[in-house]
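J.: Sharing model.cif, mmCIF, C-alpha atoms and all ligand atoms:
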```cif
data_data
loop_
_atom_site.label_atom_id
_atom_site.label_comp_id
_atom_site.auth_asym_id
_atom_site.auth_seq_id
_atom_site.Cartn_x
_atom_site.Cartn_y
_atom_site.Cartn_z
CA MET A 10 0.00 0.00 0.00
CA MET A 11 1.51 3.31 -1.08
CA LYS A 12 1.21 6.07 1.54
CA THR A 13 1.17 9.67 0.40
CA ILE A 14 3.84 12.23 1.31
CA ASP A 15 2.54 14.76 3.82
CA GLY A 16 3.31 18.50 3.91
CA ASN A 17 6.09 18.21 6.53
CA GLN A 18 7.78 15.42 4.61
CA VAL A 19 7.69 17.57 1.45
CA TYR A 20 9.74 20.26 3.25
CA THR A 21 12.24 17.77 4.72
CA ILE A 22 12.77 15.92 1.44
CA ALA A 23 13.10 19.21 -0.47
CA ARG A 24 15.82 20.35 1.95
CA THR A 25 17.71 17.06 1.66
CA ALA A 26 17.42 16.96 -2.14
CA SER A 27 18.61 20.58 -2.41
CA SER A 28 21.65 19.87 -0.25
CA PHE A 29 22.48 16.81 -2.42
CA PHE A 30 22.13 19.06 -5.46
CA PHE A 31 24.62 21.60 -4.16
CA GLN A 32 27.21 18.92 -3.33
CA ARG A 33 27.93 18.71 -7.03
CA LYS A 34 31.08 20.45 -8.14
CA SER A 35 30.04 22.26 -11.26
CA THR A 36 30.21 25.75 -12.58
CA THR A 37 26.72 25.50 -14.12
CA ILE A 38 25.17 25.20 -10.68
CA ALA A 39 27.17 28.01 -9.13
CA THR A 40 24.99 30.51 -10.95
CA GLU A 41 21.79 29.00 -9.53
CA ASP A 42 20.31 30.28 -6.36
CA TYR A 43 19.61 27.84 -3.47
CA GLN A 44 16.12 29.22 -2.87
CA GLN A 45 15.13 28.76 -6.53
CA ILE A 46 16.33 25.16 -6.59
CA TYR A 47 14.65 24.44 -3.25
CA ASN A 48 11.33 25.95 -4.42
CA ALA A 49 11.39 24.04 -7.71
CA ILE A 50 12.07 20.76 -5.87
CA LYS A 51 9.34 21.53 -3.33
CA ASP A 52 6.83 22.17 -6.16
CA LEU A 53 7.76 18.87 -7.77
CA LEU A 54 7.37 17.03 -4.45
CA THR A 55 3.96 18.65 -3.89
CA LEU A 56 2.92 17.37 -7.30
CA LEU A 57 4.37 13.94 -6.49
CA SER A 58 2.37 13.87 -3.26
CA CYS A 59 -0.80 14.76 -5.20
CA ALA A 60 -0.07 12.13 -7.88
CA ILE A 61 0.43 9.49 -5.16
CA THR A 62 -2.75 10.50 -3.31
CA PHE A 63 -4.77 10.09 -6.50
CA ARG A 64 -2.69 7.16 -7.85
CA SER A 65 -2.13 9.07 -11.07
CA ILE A 66 1.22 8.46 -12.70
CA ALA A 67 -0.12 10.39 -15.73
CA LEU A 68 -0.19 13.61 -13.65
CA LEU A 69 3.42 13.14 -12.56
CA GLU A 70 4.64 12.28 -16.05
CA HIS A 71 2.87 15.28 -17.53
CA TYR A 72 4.45 17.55 -14.92
CA LEU A 73 7.95 16.12 -15.50
CA LEU A 74 7.65 16.72 -19.25
CA TRP A 75 6.35 20.24 -18.61
CA LEU A 76 9.28 20.87 -16.24
CA LYS A 77 11.83 19.61 -18.78
CA LEU A 78 10.67 22.19 -21.32
CA ARG A 79 10.45 24.96 -18.73
CA LEU A 80 13.92 24.25 -17.33
CA GLY A 81 15.30 23.87 -20.85
CA ALA A 82 14.25 27.47 -21.43
CA PHE A 83 16.51 28.43 -18.50
CA ALA A 84 19.42 26.62 -20.18
CA ILE A 85 19.18 23.65 -17.79
CA THR A 86 20.55 20.75 -19.80
CA ASP A 87 19.00 17.26 -19.92
CA GLU A 88 22.02 16.03 -18.02
CA LEU A 89 21.41 18.51 -15.19
CA PHE A 90 17.71 17.63 -15.22
CA LYS A 91 18.64 13.96 -14.74
CA TYR A 92 20.99 14.92 -11.93
CA LYS A 93 18.22 16.88 -10.20
CA MET A 94 15.86 13.88 -10.50
CA ASP A 95 18.57 11.68 -9.02
CA CYS A 96 18.97 14.03 -6.03
CA ILE A 97 15.23 13.89 -5.42
CA ARG A 98 15.25 10.11 -5.66
CA ARG A 99 18.10 9.83 -3.15
CA ALA A 100 16.31 12.23 -0.80
CA LEU A 101 13.09 10.22 -1.07
CA GLU A 102 15.00 7.06 -0.19
CA ALA A 103 16.77 8.73 2.70
CA GLU A 104 13.70 10.39 4.24
CA LEU A 105 10.85 7.97 3.55
CA ASP A 106 10.47 4.58 5.17
CA GLN A 107 8.44 3.27 2.25
CA LYS A 108 9.71 2.04 -1.07
CA PRO A 109 6.49 2.24 -3.22
CA ALA A 110 6.65 6.05 -3.43
CA VAL A 111 10.25 5.82 -4.65
CA TYR A 112 9.29 3.20 -7.26
CA PHE A 113 6.38 5.38 -8.37
CA PHE A 114 8.71 8.34 -8.86
CA ASP A 115 11.31 6.14 -10.65
CA GLU A 116 8.69 4.79 -13.02
CA ALA A 117 7.51 8.26 -14.06
CA VAL A 118 11.07 9.57 -14.52
CA LYS A 119 11.94 6.50 -16.61
CA ASN A 120 8.82 6.89 -18.76
CA VAL A 121 9.53 10.51 -19.66
CA GLN A 122 13.29 10.17 -20.05
CA ASN A 123 13.31 9.56 -23.78
CA GLN A 124 9.98 11.19 -24.59
CA GLU A 125 10.18 13.98 -27.12
CA ILE A 126 8.20 17.13 -26.36
CA THR A 127 5.82 17.56 -29.27
CA ILE A 128 4.72 20.99 -30.42
CA THR A 129 1.19 21.21 -31.80
CA PRO A 130 1.30 23.13 -35.10
CA ILE A 131 -1.00 26.14 -35.32
CA ASP A 132 -2.91 27.20 -38.42
CA GLU A 133 -3.04 30.52 -40.25
CA ASN A 134 -6.06 31.92 -38.39
CA VAL A 135 -4.57 31.15 -35.00
CA ARG A 136 -1.27 32.72 -36.05
CA THR A 137 -3.07 35.89 -37.25
CA TYR A 138 -5.06 36.23 -34.01
CA LEU A 139 -1.91 35.66 -31.93
CA ASN A 140 0.08 38.19 -33.94
CA TYR A 141 -2.49 40.86 -33.07
CA ILE A 142 -2.26 39.91 -29.40
CA MET A 143 1.53 39.86 -29.31
CA SER A 144 1.66 43.30 -30.93
CA MET A 145 -0.89 44.41 -28.32
CA ASP A 146 -3.43 45.34 -30.95
CA ARG A 147 -6.74 44.55 -29.28
CA GLU A 148 -8.81 46.31 -31.94
CA GLY A 149 -7.02 44.37 -34.69
CA ALA A 150 -7.69 41.07 -32.88
CA LEU A 151 -11.38 41.90 -32.44
CA HIS A 152 -11.78 43.02 -36.05
CA PHE A 153 -10.18 39.78 -37.14
CA ILE A 154 -12.69 37.78 -35.07
CA GLU A 155 -15.52 39.86 -36.55
CA SER A 156 -14.23 39.12 -40.04
CA MET A 157 -14.22 35.39 -39.24
CA MET A 158 -17.87 35.65 -38.16
CA ALA A 159 -18.72 37.61 -41.29
CA SER A 160 -17.10 34.90 -43.42
CA GLY A 161 -19.53 32.38 -41.92
CA MET A 162 -17.39 30.72 -39.26
CA ASN A 163 -19.66 29.73 -36.39
CA MET A 164 -19.14 30.46 -32.70
CA HIS A 165 -18.15 26.88 -31.85
CA SER A 166 -15.46 26.89 -34.46
CA ILE A 167 -14.06 30.31 -33.50
CA TYR A 168 -13.87 29.25 -29.85
CA LEU A 169 -12.35 25.83 -30.42
CA ASN A 170 -10.28 26.38 -33.57
CA ILE A 171 -8.97 29.90 -33.00
CA LEU A 172 -9.27 31.10 -29.38
CA GLU A 173 -8.46 27.82 -27.60
CA PRO A 174 -5.36 26.88 -29.69
CA ALA A 175 -4.15 30.50 -29.50
CA LEU A 176 -4.25 30.28 -25.71
CA TYR A 177 -2.51 26.91 -25.65
CA GLU A 178 0.22 28.39 -27.85
CA THR A 179 0.42 31.44 -25.55
CA GLY A 180 1.09 29.04 -22.66
CA ARG A 181 3.81 27.23 -24.60
CA LEU A 182 5.46 30.55 -25.46
CA TRP A 183 5.46 31.59 -21.80
CA GLN A 184 6.80 28.18 -20.77
CA SER A 185 9.62 28.54 -23.32
CA ARG A 186 10.39 32.09 -22.08
CA VAL A 187 9.55 33.61 -25.46
CA ILE A 188 6.88 35.82 -23.90
CA ASP A 189 6.29 37.23 -20.44
CA ILE A 190 3.42 36.94 -17.94
CA TYR A 191 1.92 40.31 -18.95
CA GLN A 192 1.42 38.93 -22.47
CA GLU A 193 -0.40 35.89 -21.05
CA HIS A 194 -2.65 38.28 -19.12
CA TYR A 195 -3.20 40.43 -22.21
CA ALA A 196 -4.11 37.35 -24.26
CA THR A 197 -6.66 36.47 -21.55
CA ALA A 198 -8.15 39.97 -21.54
CA VAL A 199 -8.45 40.17 -25.34
CA THR A 200 -9.97 36.68 -25.49
CA HIS A 201 -12.58 37.61 -22.86
CA ALA A 202 -13.45 40.61 -25.05
CA ALA A 203 -13.62 38.43 -28.18
CA MET A 204 -15.96 35.99 -26.43
CA SER A 205 -18.24 38.81 -25.25
CA LEU A 206 -18.28 40.22 -28.77
CA ILE A 207 -19.30 36.88 -30.26
CA MET A 208 -21.93 36.17 -27.60
CA THR A 209 -23.69 39.52 -27.99
CA ARG A 210 -24.09 38.82 -31.72
CA LEU A 211 -25.78 35.48 -31.14
CA LYS A 212 -29.39 34.81 -30.35
CA GLU A 213 -29.45 31.04 -30.85
CA ASN A 214 -31.23 29.10 -28.17
CA ASN A 215 -31.82 25.43 -28.66
CA GLY A 216 -34.15 25.09 -25.69
CA GLY A 217 -32.33 23.68 -22.71
CA GLY A 218 -35.54 22.63 -20.97
CA GLY A 219 -35.07 25.06 -18.08
CA LEU A 220 -31.87 23.40 -16.92
CA SER A 221 -29.45 25.32 -14.77
CA VAL A 222 -25.74 25.05 -14.08
CA ILE A 223 -23.33 26.58 -11.57
CA ALA A 224 -19.77 26.75 -12.85
CA ALA A 225 -16.73 27.35 -10.65
CA SER A 226 -13.15 26.52 -9.71
CA PRO A 227 -11.76 26.32 -6.15
CA SER A 228 -9.47 28.67 -4.21
CA GLY A 229 -6.01 28.98 -5.70
CA GLU A 230 -7.06 27.96 -9.17
CA GLY A 231 -6.63 31.02 -11.39
CA HIS A 232 -7.79 29.63 -14.73
CA ASP A 233 -11.40 30.03 -15.76
CA LEU A 234 -11.47 30.95 -19.45
CA GLY A 235 -12.10 27.33 -20.46
CA LEU A 236 -14.97 27.13 -17.99
CA ARG A 237 -16.43 30.34 -19.40
CA MET A 238 -16.27 28.79 -22.88
CA VAL A 239 -18.22 25.79 -21.60
CA CYS A 240 -20.83 28.15 -20.10
CA ASP A 241 -21.17 30.05 -23.38
CA PHE A 242 -21.76 26.77 -25.23
CA PHE A 243 -24.42 25.89 -22.66
CA GLU A 244 -26.10 29.29 -23.01
CA LEU A 245 -26.50 28.68 -26.73
CA GLU A 246 -28.24 25.42 -25.86
CA GLY A 247 -30.67 27.36 -23.68
CA ILE A 248 -29.13 26.09 -20.45
CA HIS A 249 -29.14 28.75 -17.76
CA THR A 250 -25.61 29.20 -16.40
CA PHE A 251 -24.31 30.86 -13.27
CA PHE A 252 -20.65 31.40 -14.07
CA LEU A 253 -18.85 32.11 -10.78
CA GLY A 254 -15.32 31.93 -12.19
CA CYS A 255 -12.23 30.75 -10.36
CA ASN A 256 -10.49 31.12 -7.01
CA ILE A 257 -13.61 30.57 -4.91
CA PRO A 258 -13.43 29.00 -1.42
CA THR A 259 -15.06 25.57 -1.50
CA GLU A 260 -17.47 26.52 1.34
CA SER A 261 -18.64 29.43 -0.77
CA ILE A 262 -19.20 27.28 -3.87
CA TYR A 263 -21.16 24.95 -1.59
CA LYS A 264 -23.32 27.84 -0.31
CA SER A 265 -24.15 28.85 -3.89
CA LEU A 266 -25.34 25.29 -4.56
CA VAL A 267 -27.55 25.19 -1.50
CA PHE A 268 -29.00 28.57 -2.48
CA ARG A 269 -29.64 27.91 -6.22
CA LYS A 270 -29.92 24.10 -6.30
CA PRO A 271 -28.78 23.82 -9.92
CA ASP A 272 -29.23 20.66 -11.96
CA VAL A 273 -25.51 20.43 -12.57
CA LEU A 274 -22.34 21.69 -10.91
CA CYS A 275 -19.50 22.25 -13.41
CA LEU A 276 -16.05 22.13 -11.85
CA SER A 277 -12.95 23.11 -13.78
CA LEU A 278 -9.36 22.38 -12.76
CA THR A 279 -6.13 23.27 -14.55
CA LEU A 280 -3.63 22.85 -11.70
CA PRO A 281 -3.54 19.40 -9.99
CA GLU A 282 -2.54 20.73 -6.56
CA PHE A 283 -6.14 21.84 -6.02
CA LEU A 284 -7.63 18.35 -6.45
CA PRO A 285 -7.94 17.90 -2.65
CA ASP A 286 -10.17 21.00 -2.52
CA VAL A 287 -12.40 19.53 -5.21
CA VAL A 288 -12.63 16.28 -3.23
CA ALA A 289 -13.52 18.18 -0.05
CA LEU A 290 -16.29 20.02 -1.91
CA ILE A 291 -17.68 16.81 -3.40
CA HIS A 292 -17.76 15.24 0.09
CA MET A 293 -19.74 18.20 1.41
CA ILE A 294 -22.17 17.93 -1.50
CA ARG A 295 -22.69 14.17 -1.17
CA ALA A 296 -23.41 14.56 2.54
CA ASN A 297 -26.33 16.93 1.90
CA PRO A 298 -29.61 15.16 0.97
CA VAL A 299 -30.91 18.40 -0.60
CA LEU A 300 -28.23 18.11 -3.29
CA THR A 301 -28.57 14.40 -4.11
CA SER A 302 -30.18 14.93 -7.50
CA MET A 303 -27.53 17.45 -8.60
CA LYS A 304 -24.94 16.02 -11.00
CA ILE A 305 -21.25 16.93 -10.99
CA LEU A 306 -19.57 17.46 -14.35
CA VAL A 307 -15.79 17.99 -14.32
CA GLY A 308 -13.32 19.22 -16.92
CA GLY A 309 -10.15 21.20 -17.48
CA GLN A 310 -6.57 20.21 -18.12
CA VAL A 311 -6.10 18.05 -15.00
CA PHE A 312 -8.89 15.77 -16.18
CA ASN A 313 -7.71 15.90 -19.79
CA ILE A 314 -4.38 14.49 -18.60
CA ASP A 315 -6.05 11.73 -16.57
CA PRO A 316 -9.81 11.30 -17.12
CA VAL A 317 -9.91 8.38 -14.64
CA LEU A 318 -9.62 10.99 -11.88
CA THR A 319 -13.32 11.69 -12.45
CA GLU A 320 -14.36 8.48 -10.66
CA LYS A 321 -11.57 8.69 -8.11
CA ILE A 322 -12.81 12.05 -6.83
CA GLY A 323 -16.45 10.99 -6.87
CA ALA A 324 -17.70 13.21 -9.72
CA ASP A 325 -20.39 11.95 -12.09
CA ILE A 326 -18.97 12.67 -15.51
CA TYR A 327 -16.12 14.30 -17.41
CA ALA A 328 -15.94 16.22 -20.69
CA GLY A 329 -12.75 17.06 -22.58
CA SER A 330 -13.90 20.21 -24.36
CA ALA A 331 -16.77 22.67 -24.51
CA MET A 332 -18.28 20.72 -27.40
CA ASP A 333 -17.97 17.47 -25.50
CA ALA A 334 -19.51 19.15 -22.43
CA VAL A 335 -22.71 19.82 -24.40
CA LYS A 336 -22.85 16.15 -25.46
CA GLN A 337 -22.24 14.94 -21.91
CA MET A 338 -24.99 17.22 -20.58
CA ARG A 339 -27.42 15.39 -22.85
CA VAL A 340 -26.23 12.04 -21.47
CA LEU A 341 -26.39 13.28 -17.91
CA LEU A 342 -29.91 14.65 -17.90
C1 LIG B 401 -4.49 32.26 -19.72
C2 LIG B 401 -3.58 31.50 -18.79
C3 LIG B 401 -3.37 32.01 -17.52
C4 LIG B 401 -4.14 33.20 -16.98
C5 LIG B 401 -5.52 32.69 -16.49
C6 LIG B 401 -6.61 33.68 -16.74
C7 LIG B 401 -7.98 33.09 -16.59
N1 LIG B 401 -8.85 33.88 -16.01
O1 LIG B 401 -8.28 31.96 -16.97
C8 LIG B 401 -3.19 33.68 -15.86
C9 LIG B 401 -2.21 34.68 -16.43
C10 LIG B 401 -3.86 34.25 -14.62
C11 LIG B 401 -2.40 32.38 -15.56
C12 LIG B 401 -1.70 32.17 -14.41
C13 LIG B 401 -0.87 31.07 -14.20
N2 LIG B 401 -0.61 30.08 -15.08
CO1 LIG B 401 -1.58 29.84 -16.72
N3 LIG B 401 -2.14 29.63 -18.47
C14 LIG B 401 -2.94 30.30 -19.21
C15 LIG B 401 -3.02 29.67 -20.60
C16 LIG B 401 -2.09 30.46 -21.51
C17 LIG B 401 -4.38 29.58 -21.22
C18 LIG B 401 -5.46 28.90 -20.35
C19 LIG B 401 -6.71 28.80 -21.18
O2 LIG B 401 -7.59 29.61 -21.06
N4 LIG B 401 -6.73 27.87 -22.13
C20 LIG B 401 -7.78 27.77 -23.14
C21 LIG B 401 -8.97 27.02 -22.61
C22 LIG B 401 -10.14 27.15 -23.54
O3 LIG B 401 -8.56 25.65 -22.54
P1 LIG B 401 -8.95 24.72 -21.30
O4 LIG B 401 -8.73 25.45 -20.04
O5 LIG B 401 -8.24 23.43 -21.49
O6 LIG B 401 -10.52 24.51 -21.43
C23 LIG B 401 -11.14 23.64 -22.36
C24 LIG B 401 -11.25 22.19 -21.85
O7 LIG B 401 -10.24 21.82 -20.95
C25 LIG B 401 -12.63 22.12 -21.27
N5 LIG B 401 -12.89 22.55 -19.89
C26 LIG B 401 -12.26 23.46 -19.13
N6 LIG B 401 -12.89 23.58 -17.96
C27 LIG B 401 -13.95 22.76 -17.97
C28 LIG B 401 -14.92 22.51 -17.00
C29 LIG B 401 -15.93 21.58 -17.28
C30 LIG B 401 -16.97 21.33 -16.27
C31 LIG B 401 -15.93 20.90 -18.52
C32 LIG B 401 -16.96 19.90 -18.80
C33 LIG B 401 -14.95 21.15 -19.50
C34 LIG B 401 -13.96 22.08 -19.21
O8 LIG B 401 -13.38 22.97 -22.11
C35 LIG B 401 -12.58 24.11 -22.46
C36 LIG B 401 -13.01 24.56 -23.84
O9 LIG B 401 -12.88 23.52 -24.80
C37 LIG B 401 -2.50 28.23 -20.28
C38 LIG B 401 -1.96 27.47 -21.47
C39 LIG B 401 -2.83 26.27 -21.74
N7 LIG B 401 -2.25 25.17 -22.12
O10 LIG B 401 -4.03 26.30 -21.61
C40 LIG B 401 -1.50 28.52 -19.15
C41 LIG B 401 -1.17 27.41 -18.15
C42 LIG B 401 -2.40 26.62 -17.81
N8 LIG B 401 -0.71 28.19 -16.99
C43 LIG B 401 0.29 27.67 -16.39
C44 LIG B 401 0.95 28.22 -15.28
C45 LIG B 401 2.22 27.51 -14.84
C46 LIG B 401 0.45 29.35 -14.64
C47 LIG B 401 1.06 30.01 -13.40
C48 LIG B 401 1.53 29.04 -12.30
C49 LIG B 401 2.27 30.86 -13.79
C50 LIG B 401 1.97 31.80 -14.94
N9 LIG B 401 2.13 31.35 -16.16
O11 LIG B 401 1.60 32.93 -14.71
C51 LIG B 401 -0.09 30.91 -12.92
C52 LIG B 401 -0.96 30.16 -11.89
C53 LIG B 401 -2.12 30.95 -11.42
C54 LIG B 401 -3.05 30.08 -10.60
N10 LIG B 401 -2.89 30.07 -9.30
O12 LIG B 401 -3.88 29.40 -11.16
C55 LIG B 401 0.71 26.36 -17.03
C56 LIG B 401 0.24 25.15 -16.22
C57 LIG B 401 1.31 24.08 -16.22
C58 LIG B 401 0.90 22.89 -15.42
N11 LIG B 401 1.42 22.78 -14.23
O13 LIG B 401 0.15 22.09 -15.87
C59 LIG B 401 0.07 26.50 -18.47
C60 LIG B 401 -0.30 25.16 -19.12
C61 LIG B 401 1.10 27.26 -19.34
C62 LIG B 401 2.28 26.42 -19.73
N12 LIG B 401 2.30 25.85 -20.92
O14 LIG B 401 3.21 26.29 -18.96
N13 LIG B 401 -2.49 31.52 -16.60
#
```
What would the structure in this file look like if it were written as structure tokens?

T.:
Amino acid sequence: MMKTIDGNQVYTIARTASSFFFQRKSTTIATEDYQQIYNAIKDLLTLLSCAITFRSIALLEHYLLWLKLRLGAFAITDELFKYKMDCIRRALEAELDQKPAVYFFDEAVKNVQNQEITITPIDENVRTYLNYIMSMDREGALHFIESMMASGMNMHSIYLNILEPALYETGRLWQSRVIDIYQEHYATAVTHAAMSLIMTRLKENNGGGGLSVIAASPSGEGHDLGLRMVCDFFELEGIHTFFLGCNIPTESIYKSLVFRKPDVLCLSLTLPEFLPDVVALIHMIRANPVLTSMKILVGGQVFNIDPVLTEKIGADIYAGSAMDAVKQMRVLL
């Protein structure tokens, strides 16, 4: 039976791994700051603890691959990456009295070792939209979206084939240190504006039968654009949505459910470290007889990486995209 790593152990192991790391005699490391290395190792261990808790090697592998690209952008070589992983492994062995967690870590490191990081190609429309954003030309970006609508491209296609891939590419550019955080924020702001523009032009309503949805993400989670896209798709189906956004304390999401009693709660998660908050919320919901008929639909990048988490956390159903969410709503109700 694999036990998880608790918060105190994360700190102890991070300290040990960092001290192993700095025992290496190398000029490359001399330029790196102890606090940075310690924080990066602590973040990885937090993720490891989460992956162990939810028995999800997919989450750990995804994070390791993400980290490789991110560290590569800071000129950390593959060789140094391997060395860092080795320090963490040795620290896990030294500080934990259980082998399964070490094997779990080993397995994930081995699986990603020779994996190439693939870059999803982007098409002409996505490139054009992104160019407007990167040159901070909001008006240009919005005119371009208007021109796509005028050419007959529907809302679903603009959302999923232009806005979504443009945001994914924005993330990759930030991860590779090509762009800065302000550009990620600007891309978010322009995309919110583009979505509002599209939605005000649309009057479609396919009759959602009076269904209602509350959509939210827990405290700490700062991503909610994807969830807003899902809500916009629902609105077009005539489903009444209460979009609360992200970074909401679980008790407060719970209060909104007791107050509105929606047919469905939509939970979105991009960062795995907030899975325990989602579990806590689902426990609160399941313990309240007033909410027994309410279904829980989950989505976001955590679930895209490992859809099996849906059952593990006690949710009812998962959807991988806004389009899929509409289909799953039909199954659910
Ligand atoms: C915009 C953005 C931000 C914005 C968020 C603004 C907002 N209000 O949403 C800001 C600048 C605040 C931000 C902050 C951070 N971000 Co950020 N961000 C992004 C970015 C570029 C786009 C996110 C997005 O909107 N994607 C487009 C939407 C449409 O896609 P989606 O979320 O997958 O949603 C679709 C499906 O998943 C599904 N879906 C989503 N939710 C739901 C819910 C339900 C119920 C259902 C059924 C379906 C569903 O439907 C959607 C539509 O099809 C991503 C890159 C990426 N790969 O997405 C990085 C990214 C997610 N961020 C990342 C990081 C690291 C951060 C920061 C830690 C550092 C930083 N870059 O600033 C902070 C953390 C803040 C926090 N505590 O959460 C990393 C996460 C890496 C990881 N660990 O997995 C990414 C992947 C960037 C990268 N490549 O490194 N970010």

J.: Write out as CSV a residue-level contact list of region 46-146 of chain A versus region 185-194 of chain A with cut-off 8 Å: for each qualifying residue the closest pair of atoms and the distance in Å to one decimal, counting all atoms listed in the file, rows sorted by chain and residue number upward.

T.:
```
residue,atom,partner,partner_atom,distance
A:Leu78,CA,A:Ser185,CA,6.7
A:Arg79,CA,A:Ser185,CA,5.9
A:Gly81,CA,A:Ser185,CA,7.8
A:Ala82,CA,A:Ser185,CA,5.1
A:Phe83,CA,A:Arg186,CA,8.0
A:Ile142,CA,A:Gln192,CA,7.9
A:Met143,CA,A:Gln192,CA,6.9
```

J.: For Asn163 (chain A), please output as an mmCIF file with C-alpha atoms, in the coordinates of the input all residues within 10 Å (counting only C-alpha atoms; exclusion window: fewer than 5 positions along the same chain).

T.:
```
data_model
loop_
_atom_site.group_PDB
_atom_site.id
_atom_site.type_symbol
_atom_site.label_atom_id
_atom_site.label_comp_id
_atom_site.auth_asym_id
_atom_site.auth_seq_id
_atom_site.Cartn_x
_atom_site.Cartn_y
_atom_site.Cartn_z
ATOM 1 C CA MET A 157 -14.220 35.390 -39.240
ATOM 2 C CA MET A 158 -17.870 35.650 -38.160
ATOM 3 C CA TYR A 168 -13.870 29.250 -29.850
ATOM 4 C CA ILE A 207 -19.300 36.880 -30.260
ATOM 5 C CA LEU A 211 -25.780 35.480 -31.140
#
```

J.: Could you give me, as JSON, numbers by chain, the residues that sit within 12 Å of (-10.4, 24.9, -34.3) in the file's coordinates, counting only C-alpha atoms?

T.: {"A": [130, 131, 132, 133, 134, 135, 162, 163, 164, 165, 166, 167, 168, 169, 170, 171, 172, 173, 174, 175, 176, 177, 330, 331, 332]}

J.: Counting all atoms listed in the file, which residue out of A:Tyr47, A:Phe283, A:Phe153, A:Tyr138 sits closest to Glu178 (chain A)?

T.: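 Nearest to Glu178 (chain A): A:Tyr138.
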
J.: For the atom pair atom P1 of ligand LIG 401 (chain B) and CA of Phe63 (chain A), what is the interatomic distance in Å to one decimal place?

T.: 21.2 Å

J.: For a quick check of understanding, using only C-alpha atoms, which of A:Ala203, A:Met293, A:Ala110, A:Met338 has the smallest distance to Gly149 (chain A)?

T.: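 Ranking A:Ala203, A:Met293, A:Ala110, A:Met338 by distance to Gly149 (chain A), first place goes to A:Ala203.
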
J.: Between A:Ile223, A:Gly247, A:Glu282, A:Lys91, which residue has the minimum interatomic distance to Tyr263 (chain A), considering all atoms listed in the file?

T.: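 Ranking A:Ile223, A:Gly247, A:Glu282, A:Lys91 by distance to Tyr263 (chain A), first place goes to A:Ile223.
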
J.: Given all atoms listed in the file as the basis, pick out the residue of A:Ile66, A:Ile50, A:Ile291, A:Leu56 nearest to ligand LIG 401 (chain B).

T.: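 Residue with the minimum atom-to-atom distance to ligand LIG 401 (chain B): A:Leu56.
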
J.: Between A:Ala23, A:Met204, A:Ile46, A:Val267, which residue has the minimum interatomic distance to ligand LIG 401 (chain B), considering only C-alpha atoms and all ligand atoms?

T.: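 Ranking A:Ala23, A:Met204, A:Ile46, A:Val267 by distance to ligand LIG 401 (chain B), first place goes to A:Met204.
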
J.: Ranking A:His71, A:Arg339, A:Lys264, A:Arg269 by minimum distance to ligand LIG 401 (chain B) and counting all atoms listed in the file, which one comes first?

T.: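 Nearest candidate to ligand LIG 401 (chain B) out of A:His71, A:Arg339, A:Lys264, A:Arg269: A:His71.
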
J.: Please work out which residues fall within 12 Å of (18.7, 15.4, -1.6), coordinates as given in the file, with all atoms listed in the file counting, and return them as a ChimeraX atom specification.

T.: /A:19-33,46-47,50-51,54,92-105

J.: Those residues with C-alpha atoms, as an mmCIF file, in the coordinates of the input please?

T.:
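So selection37.cif came out as:
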```cif
data_model
loop_
_atom_site.group_PDB
_atom_site.id
_atom_site.type_symbol
_atom_site.label_atom_id
_atom_site.label_comp_id
_atom_site.auth_asym_id
_atom_site.auth_seq_id
_atom_site.Cartn_x
_atom_site.Cartn_y
_atom_site.Cartn_z
ATOM 1 C CA VAL A 19 7.690 17.570 1.450
ATOM 2 C CA TYR A 20 9.740 20.260 3.250
ATOM 3 C CA THR A 21 12.240 17.770 4.720
ATOM 4 C CA ILE A 22 12.770 15.920 1.440
ATOM 5 C CA ALA A 23 13.100 19.210 -0.470
ATOM 6 C CA ARG A 24 15.820 20.350 1.950
ATOM 7 C CA THR A 25 17.710 17.060 1.660
ATOM 8 C CA ALA A 26 17.420 16.960 -2.140
ATOM 9 C CA SER A 27 18.610 20.580 -2.410
ATOM 10 C CA SER A 28 21.650 19.870 -0.250
ATOM 11 C CA PHE A 29 22.480 16.810 -2.420
ATOM 12 C CA PHE A 30 22.130 19.060 -5.460
ATOM 13 C CA PHE A 31 24.620 21.600 -4.160
ATOM 14 C CA GLN A 32 27.210 18.920 -3.330
ATOM 15 C CA ARG A 33 27.930 18.710 -7.030
ATOM 16 C CA ILE A 46 16.330 25.160 -6.590
ATOM 17 C CA TYR A 47 14.650 24.440 -3.250
ATOM 18 C CA ILE A 50 12.070 20.760 -5.870
ATOM 19 C CA LYS A 51 9.340 21.530 -3.330
ATOM 20 C CA LEU A 54 7.370 17.030 -4.450
ATOM 21 C CA TYR A 92 20.990 14.920 -11.930
ATOM 22 C CA LYS A 93 18.220 16.880 -10.200
ATOM 23 C CA MET A 94 15.860 13.880 -10.500
ATOM 24 C CA ASP A 95 18.570 11.680 -9.020
ATOM 25 C CA CYS A 96 18.970 14.030 -6.030
ATOM 26 C CA ILE A 97 15.230 13.890 -5.420
ATOM 27 C CA ARG A 98 15.250 10.110 -5.660
ATOM 28 C CA ARG A 99 18.100 9.830 -3.150
ATOM 29 C CA ALA A 100 16.310 12.230 -0.800
ATOM 30 C CA LEU A 101 13.090 10.220 -1.070
ATOM 31 C CA GLU A 102 15.000 7.060 -0.190
ATOM 32 C CA ALA A 103 16.770 8.730 2.700
ATOM 33 C CA GLU A 104 13.700 10.390 4.240
ATOM 34 C CA LEU A 105 10.850 7.970 3.550
#
```

J.: Between CA of Pro271 (chain A) and atom O12 of ligand LIG 401 (chain B), measure the distance and give it in Å to one decimal.

T.: 25.5 Å

J.: Quick one: 3 Å padding each side, axis-aligned, all listed atoms of region 259-278 of chain A - centre and edge lengths in Å to one decimal, as JSON?

T.:
```
{"center_x": -19.6, "center_y": 24.9, "center_z": -6.2, "size_x": 26.6, "size_y": 15.0, "size_z": 21.1}
```
